[in-house]
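Asks: Dropping a structure here in structure tokens format, bear with me for questions.
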Amino acid sequence: MSWDPIWEGVFRSREWGRYPPEELIRFIARHFYSVSDRGQVKILEVGCGAGANLWYLAREGFDAYGIDGSQTAIVKAERRMQEEGVKAHLQVGDIIRLGEVYPTGFFDAVIDVACLEHNRMNAIQVILDQVLLVLKPGGRFFSMMAAVDTYGAELGKEVEPGTFIDIAEGPVSGIGLCHFFTLEEVQRTFGRFNDVQVECSNSSLNSRQQWFKLWVVEGVKGEVARS
């Protein structure tokens, strides 16, 4: 199992943002806005949480799917879709078993916004195998994950290289285990994808005393021409 039960308590006690990150919007716009029938474009979010990204995808006319281990998160996402008058296919489940939930080669894109990072490295490898399984040939993967430069990266107990629990401070404190990726790890981890592109997104905290750095990664299943 990849899903940490701590997230059930997190989703019960916290409210989350209602809008998608700009990096995700750019990814979707660049690759899918020109499609004549967006309803035929199937996009899955792993670790969809309370549905901010799915709301955006559904609002833009895409066939949106989301999976999360937290029942509370899925209930909140369902409520959001109802309130906004849009539809998404929502599923409680473990992302380490995507192939048991969705058909092989089903999705045009799979997205991850800070979900993969909350797993140990061996689980991350299995999850990416599952992502490739459910992606169509030529399908795209998008991911945002914490970089090693992020404040709080070493303010916890290290359980394996780069992976910490009980993080006391910083943007990922109080939400269980987190892996902080080096650039070399990102390149190695996503080596099974083609046309891999890695960027970074930085934001400052507490009057620029601390930094929150995210890797922004795109990859393709199979050989396709760069758009």
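Chain labels A, B, ... are given in the sequence in which chains occur in the structure tokens; within each chain residues are numbered consecutively from 1, and ligands are likewise numbered from 1 in the order shown.
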Need the shell around Gly66 (chain A): protein/DNA/RNA residues with any atom at most 10 Å away, counting only C-alpha atoms. Skip same-chain ones fewer than 2 positions apart. Format as a ChimeraX atom specification?

Replies: /A:43-51,53-54,64,68,74,77,88-93,110-111

Asks: Only N, CA and C atoms, please: the residues just picked out, written as a short mmCIF file (atom, residue, chain, number, x, y, z; two decimals), in the first residue's frame.

Replies:
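Saved file result21.cif follows:
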data_model
loop_
_atom_site.label_atom_id
_atom_site.label_comp_id
_atom_site.auth_asym_id
_atom_site.auth_seq_id
_atom_site.Cartn_x
_atom_site.Cartn_y
_atom_site.Cartn_z
N ILE A 43 -8.13 12.49 -18.77
CA ILE A 43 -7.01 12.90 -17.93
C ILE A 43 -7.25 12.41 -16.51
N LEU A 44 -6.25 11.71 -15.96
CA LEU A 44 -6.33 11.18 -14.60
C LEU A 44 -5.41 11.96 -13.68
N GLU A 45 -5.93 12.33 -12.50
CA GLU A 45 -5.06 12.88 -11.47
C GLU A 45 -4.88 11.85 -10.36
N VAL A 46 -3.63 11.53 -10.05
CA VAL A 46 -3.33 10.64 -8.93
C VAL A 46 -3.16 11.49 -7.67
N GLY A 47 -3.81 11.06 -6.59
CA GLY A 47 -3.80 11.85 -5.38
C GLY A 47 -4.55 13.16 -5.58
N CYS A 48 -5.79 13.05 -6.01
CA CYS A 48 -6.55 14.23 -6.44
C CYS A 48 -7.01 15.11 -5.30
N GLY A 49 -6.97 14.61 -4.05
CA GLY A 49 -7.37 15.42 -2.93
C GLY A 49 -8.80 15.92 -3.05
N ALA A 50 -9.00 17.18 -2.68
CA ALA A 50 -10.35 17.74 -2.64
C ALA A 50 -10.82 18.27 -3.99
N GLY A 51 -10.04 18.08 -5.03
CA GLY A 51 -10.57 18.28 -6.38
C GLY A 51 -10.30 19.59 -7.08
N ASN A 53 -7.80 20.58 -8.95
CA ASN A 53 -7.31 20.38 -10.32
C ASN A 53 -8.36 19.71 -11.20
N LEU A 54 -9.12 18.80 -10.62
CA LEU A 54 -10.19 18.14 -11.39
C LEU A 54 -11.29 19.13 -11.77
N ALA A 64 -12.45 14.17 -16.97
CA ALA A 64 -11.57 14.20 -15.81
C ALA A 64 -11.81 13.00 -14.89
N ASP A 68 -7.89 8.93 -5.06
CA ASP A 68 -7.22 9.30 -3.82
C ASP A 68 -7.52 8.24 -2.77
N ILE A 74 -12.28 12.44 -1.31
CA ILE A 74 -13.19 12.17 -2.43
C ILE A 74 -14.56 12.75 -2.17
N ALA A 77 -14.24 16.35 -2.91
CA ALA A 77 -14.15 16.57 -4.35
C ALA A 77 -15.52 16.42 -5.02
N ALA A 88 -16.82 14.78 -12.81
CA ALA A 88 -15.54 14.08 -12.83
C ALA A 88 -15.77 12.68 -12.29
N HIS A 89 -14.97 11.74 -12.75
CA HIS A 89 -15.05 10.35 -12.30
C HIS A 89 -14.11 10.21 -11.10
N LEU A 90 -14.68 10.00 -9.92
CA LEU A 90 -13.90 9.99 -8.68
C LEU A 90 -13.86 8.60 -8.08
N GLN A 91 -12.70 8.23 -7.53
CA GLN A 91 -12.49 6.88 -7.04
C GLN A 91 -11.63 6.89 -5.79
N VAL A 92 -12.08 6.21 -4.74
CA VAL A 92 -11.22 5.95 -3.59
C VAL A 92 -10.36 4.75 -3.93
N GLY A 93 -9.06 4.90 -3.83
CA GLY A 93 -8.18 3.78 -4.17
C GLY A 93 -6.73 4.13 -3.98
N VAL A 110 -1.76 11.74 -17.46
CA VAL A 110 -1.86 11.52 -16.02
C VAL A 110 -1.11 12.66 -15.35
N ILE A 111 -1.71 13.23 -14.31
CA ILE A 111 -1.08 14.35 -13.62
C ILE A 111 -0.89 14.04 -12.14
#

Asks: Any chance you could list, as a PDB file with C-alpha atoms, in the first residue's frame, the residues in region 122-221 of chain A that come up strand (DSSP E or B) when DSSP is run on the backbone?

Replies:
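Saved the output as states.pdb:
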ATOM      1  CA  LEU A 135      -1.334   5.844 -20.326  1.00  0.00           C
ATOM      2  CA  LYS A 136      -1.985   5.558 -24.041  1.00  0.00           C
ATOM      3  CA  PRO A 137       1.080   5.324 -26.297  1.00  0.00           C
ATOM      4  CA  GLY A 138       2.098   8.936 -26.714  1.00  0.00           C
ATOM      5  CA  GLY A 139       0.252   9.873 -23.519  1.00  0.00           C
ATOM      6  CA  ARG A 140       1.773  12.537 -21.302  1.00  0.00           C
ATOM      7  CA  PHE A 141       2.691  12.613 -17.635  1.00  0.00           C
ATOM      8  CA  PHE A 142       2.965  15.801 -15.557  1.00  0.00           C
ATOM      9  CA  SER A 143       4.382  15.961 -12.048  1.00  0.00           C
ATOM     10  CA  MET A 144       5.243  18.558  -9.414  1.00  0.00           C
ATOM     11  CA  MET A 145       7.414  17.417  -6.497  1.00  0.00           C
ATOM     12  CA  ALA A 146       9.443  18.889  -3.661  1.00  0.00           C
ATOM     13  CA  ALA A 147      13.098  19.616  -4.346  1.00  0.00           C
ATOM     14  CA  LYS A 157      13.636  11.877  10.837  1.00  0.00           C
ATOM     15  CA  GLU A 158      15.310  10.403   7.768  1.00  0.00           C
ATOM     16  CA  VAL A 159      13.924   6.952   6.938  1.00  0.00           C
ATOM     17  CA  GLU A 160      15.851   6.516   3.679  1.00  0.00           C
ATOM     18  CA  THR A 163      12.923  10.777   2.634  1.00  0.00           C
ATOM     19  CA  PHE A 164      11.802  12.224   5.974  1.00  0.00           C
ATOM     20  CA  ILE A 165       8.961  11.825   8.461  1.00  0.00           C
ATOM     21  CA  CYS A 178       7.965  13.298   2.135  1.00  0.00           C
ATOM     22  CA  HIS A 179      10.786  12.648  -0.300  1.00  0.00           C
ATOM     23  CA  PHE A 181      14.255  15.079  -4.900  1.00  0.00           C
ATOM     24  CA  ASN A 194      10.584   9.925 -23.464  1.00  0.00           C
ATOM     25  CA  ASP A 195      11.003  13.629 -24.129  1.00  0.00           C
ATOM     26  CA  VAL A 196      11.485  14.382 -20.418  1.00  0.00           C
ATOM     27  CA  GLN A 197      11.527  18.078 -19.533  1.00  0.00           C
ATOM     28  CA  VAL A 198      12.446  19.324 -16.067  1.00  0.00           C
ATOM     29  CA  GLU A 199      11.860  22.857 -14.820  1.00  0.00           C
ATOM     30  CA  CYS A 200      11.658  24.289 -11.310  1.00  0.00           C
ATOM     31  CA  SER A 201       9.244  26.590  -9.530  1.00  0.00           C
ATOM     32  CA  ASN A 202      10.411  28.666  -6.547  1.00  0.00           C
ATOM     33  CA  SER A 203       8.463  30.634  -3.978  1.00  0.00           C
ATOM     34  CA  SER A 204       9.738  32.357  -0.846  1.00  0.00           C
ATOM     35  CA  LEU A 205       8.368  32.180   2.677  1.00  0.00           C
ATOM     36  CA  GLN A 210      12.917  30.204   3.463  1.00  0.00           C
ATOM     37  CA  TRP A 211      12.206  28.715   0.061  1.00  0.00           C
ATOM     38  CA  PHE A 212       9.721  26.241  -1.354  1.00  0.00           C
ATOM     39  CA  LYS A 213      11.170  24.690  -4.502  1.00  0.00           C
ATOM     40  CA  LEU A 214       9.258  22.281  -6.733  1.00  0.00           C
ATOM     41  CA  TRP A 215      10.469  20.308  -9.709  1.00  0.00           C
ATOM     42  CA  VAL A 216       8.030  20.498 -12.626  1.00  0.00           C
ATOM     43  CA  VAL A 217       8.410  17.425 -14.814  1.00  0.00           C
ATOM     44  CA  GLU A 218       6.845  16.320 -18.078  1.00  0.00           C
ATOM     45  CA  GLY A 219       7.324  13.023 -19.898  1.00  0.00           C
ATOM     46  CA  VAL A 220       5.829  11.020 -22.732  1.00  0.00           C
TER      47      VAL A 220
END

Asks: Could you state the separation of CA of Leu132 (chain A) and CA of Lys87 (chain A) in Å, given to one decimal place?

Replies: 25.0 Å

Asks: In Å, with one decimal, what is the gap from CA of Cys115 (chain A) to CA of Asp37 (chain A)?

Replies: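 Those two atoms sit 28.8 Å apart.
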
Asks: DSSP on the backbone: what in region 78-144 of chain A comes out alpha helix (DSSP H), as a PyMOL selection string?

Replies: chain A and resi 78-84+121-134

Asks: Save out the residues we just selected, C-alpha atoms, as a JSON list (two decimals), in the first residue's frame.

Replies:
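Saved to result.json:
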[["chain", "number", "residue", "atom", "x", "y", "z"],
["A", 78, "GLU", "CA", -17.63, 15.23, -5.16],
["A", 79, "ARG", "CA", -19.17, 18.15, -3.29],
["A", 80, "ARG", "CA", -17.00, 20.61, -5.22],
["A", 81, "MET", "CA", -18.06, 19.16, -8.57],
["A", 82, "GLN", "CA", -21.73, 19.35, -7.57],
["A", 83, "GLU", "CA", -21.41, 22.93, -6.37],
["A", 84, "GLU", "CA", -19.69, 23.99, -9.58],
["A", 121, "MET", "CA", 11.32, 5.65, -3.53],
["A", 122, "ASN", "CA", 10.50, 1.98, -4.13],
["A", 123, "ALA", "CA", 6.77, 2.81, -4.12],
["A", 124, "ILE", "CA", 7.35, 5.75, -6.46],
["A", 125, "GLN", "CA", 8.93, 3.39, -9.00],
["A", 126, "VAL", "CA", 5.93, 1.05, -8.83],
["A", 127, "ILE", "CA", 3.48, 3.94, -9.14],
["A", 128, "LEU", "CA", 5.25, 5.19, -12.27],
["A", 129, "ASP", "CA", 5.04, 1.67, -13.72],
["A", 130, "GLN", "CA", 1.29, 1.86, -13.13],
["A", 131, "VAL", "CA", 1.12, 5.33, -14.71],
["A", 132, "LEU", "CA", 2.79, 3.98, -17.83],
["A", 133, "LEU", "CA", 0.39, 1.04, -17.84],
["A", 134, "VAL", "CA", -2.74, 3.22, -17.94]]

Asks: Work out how far CA of Arg38 (chain A) is from CA of Gly61 (chain A), in Å to one decimal.

Replies: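 Taking CA of Gly61 (chain A) as the start and CA of Arg38 (chain A) as the end point, the length is 5.5 Å.
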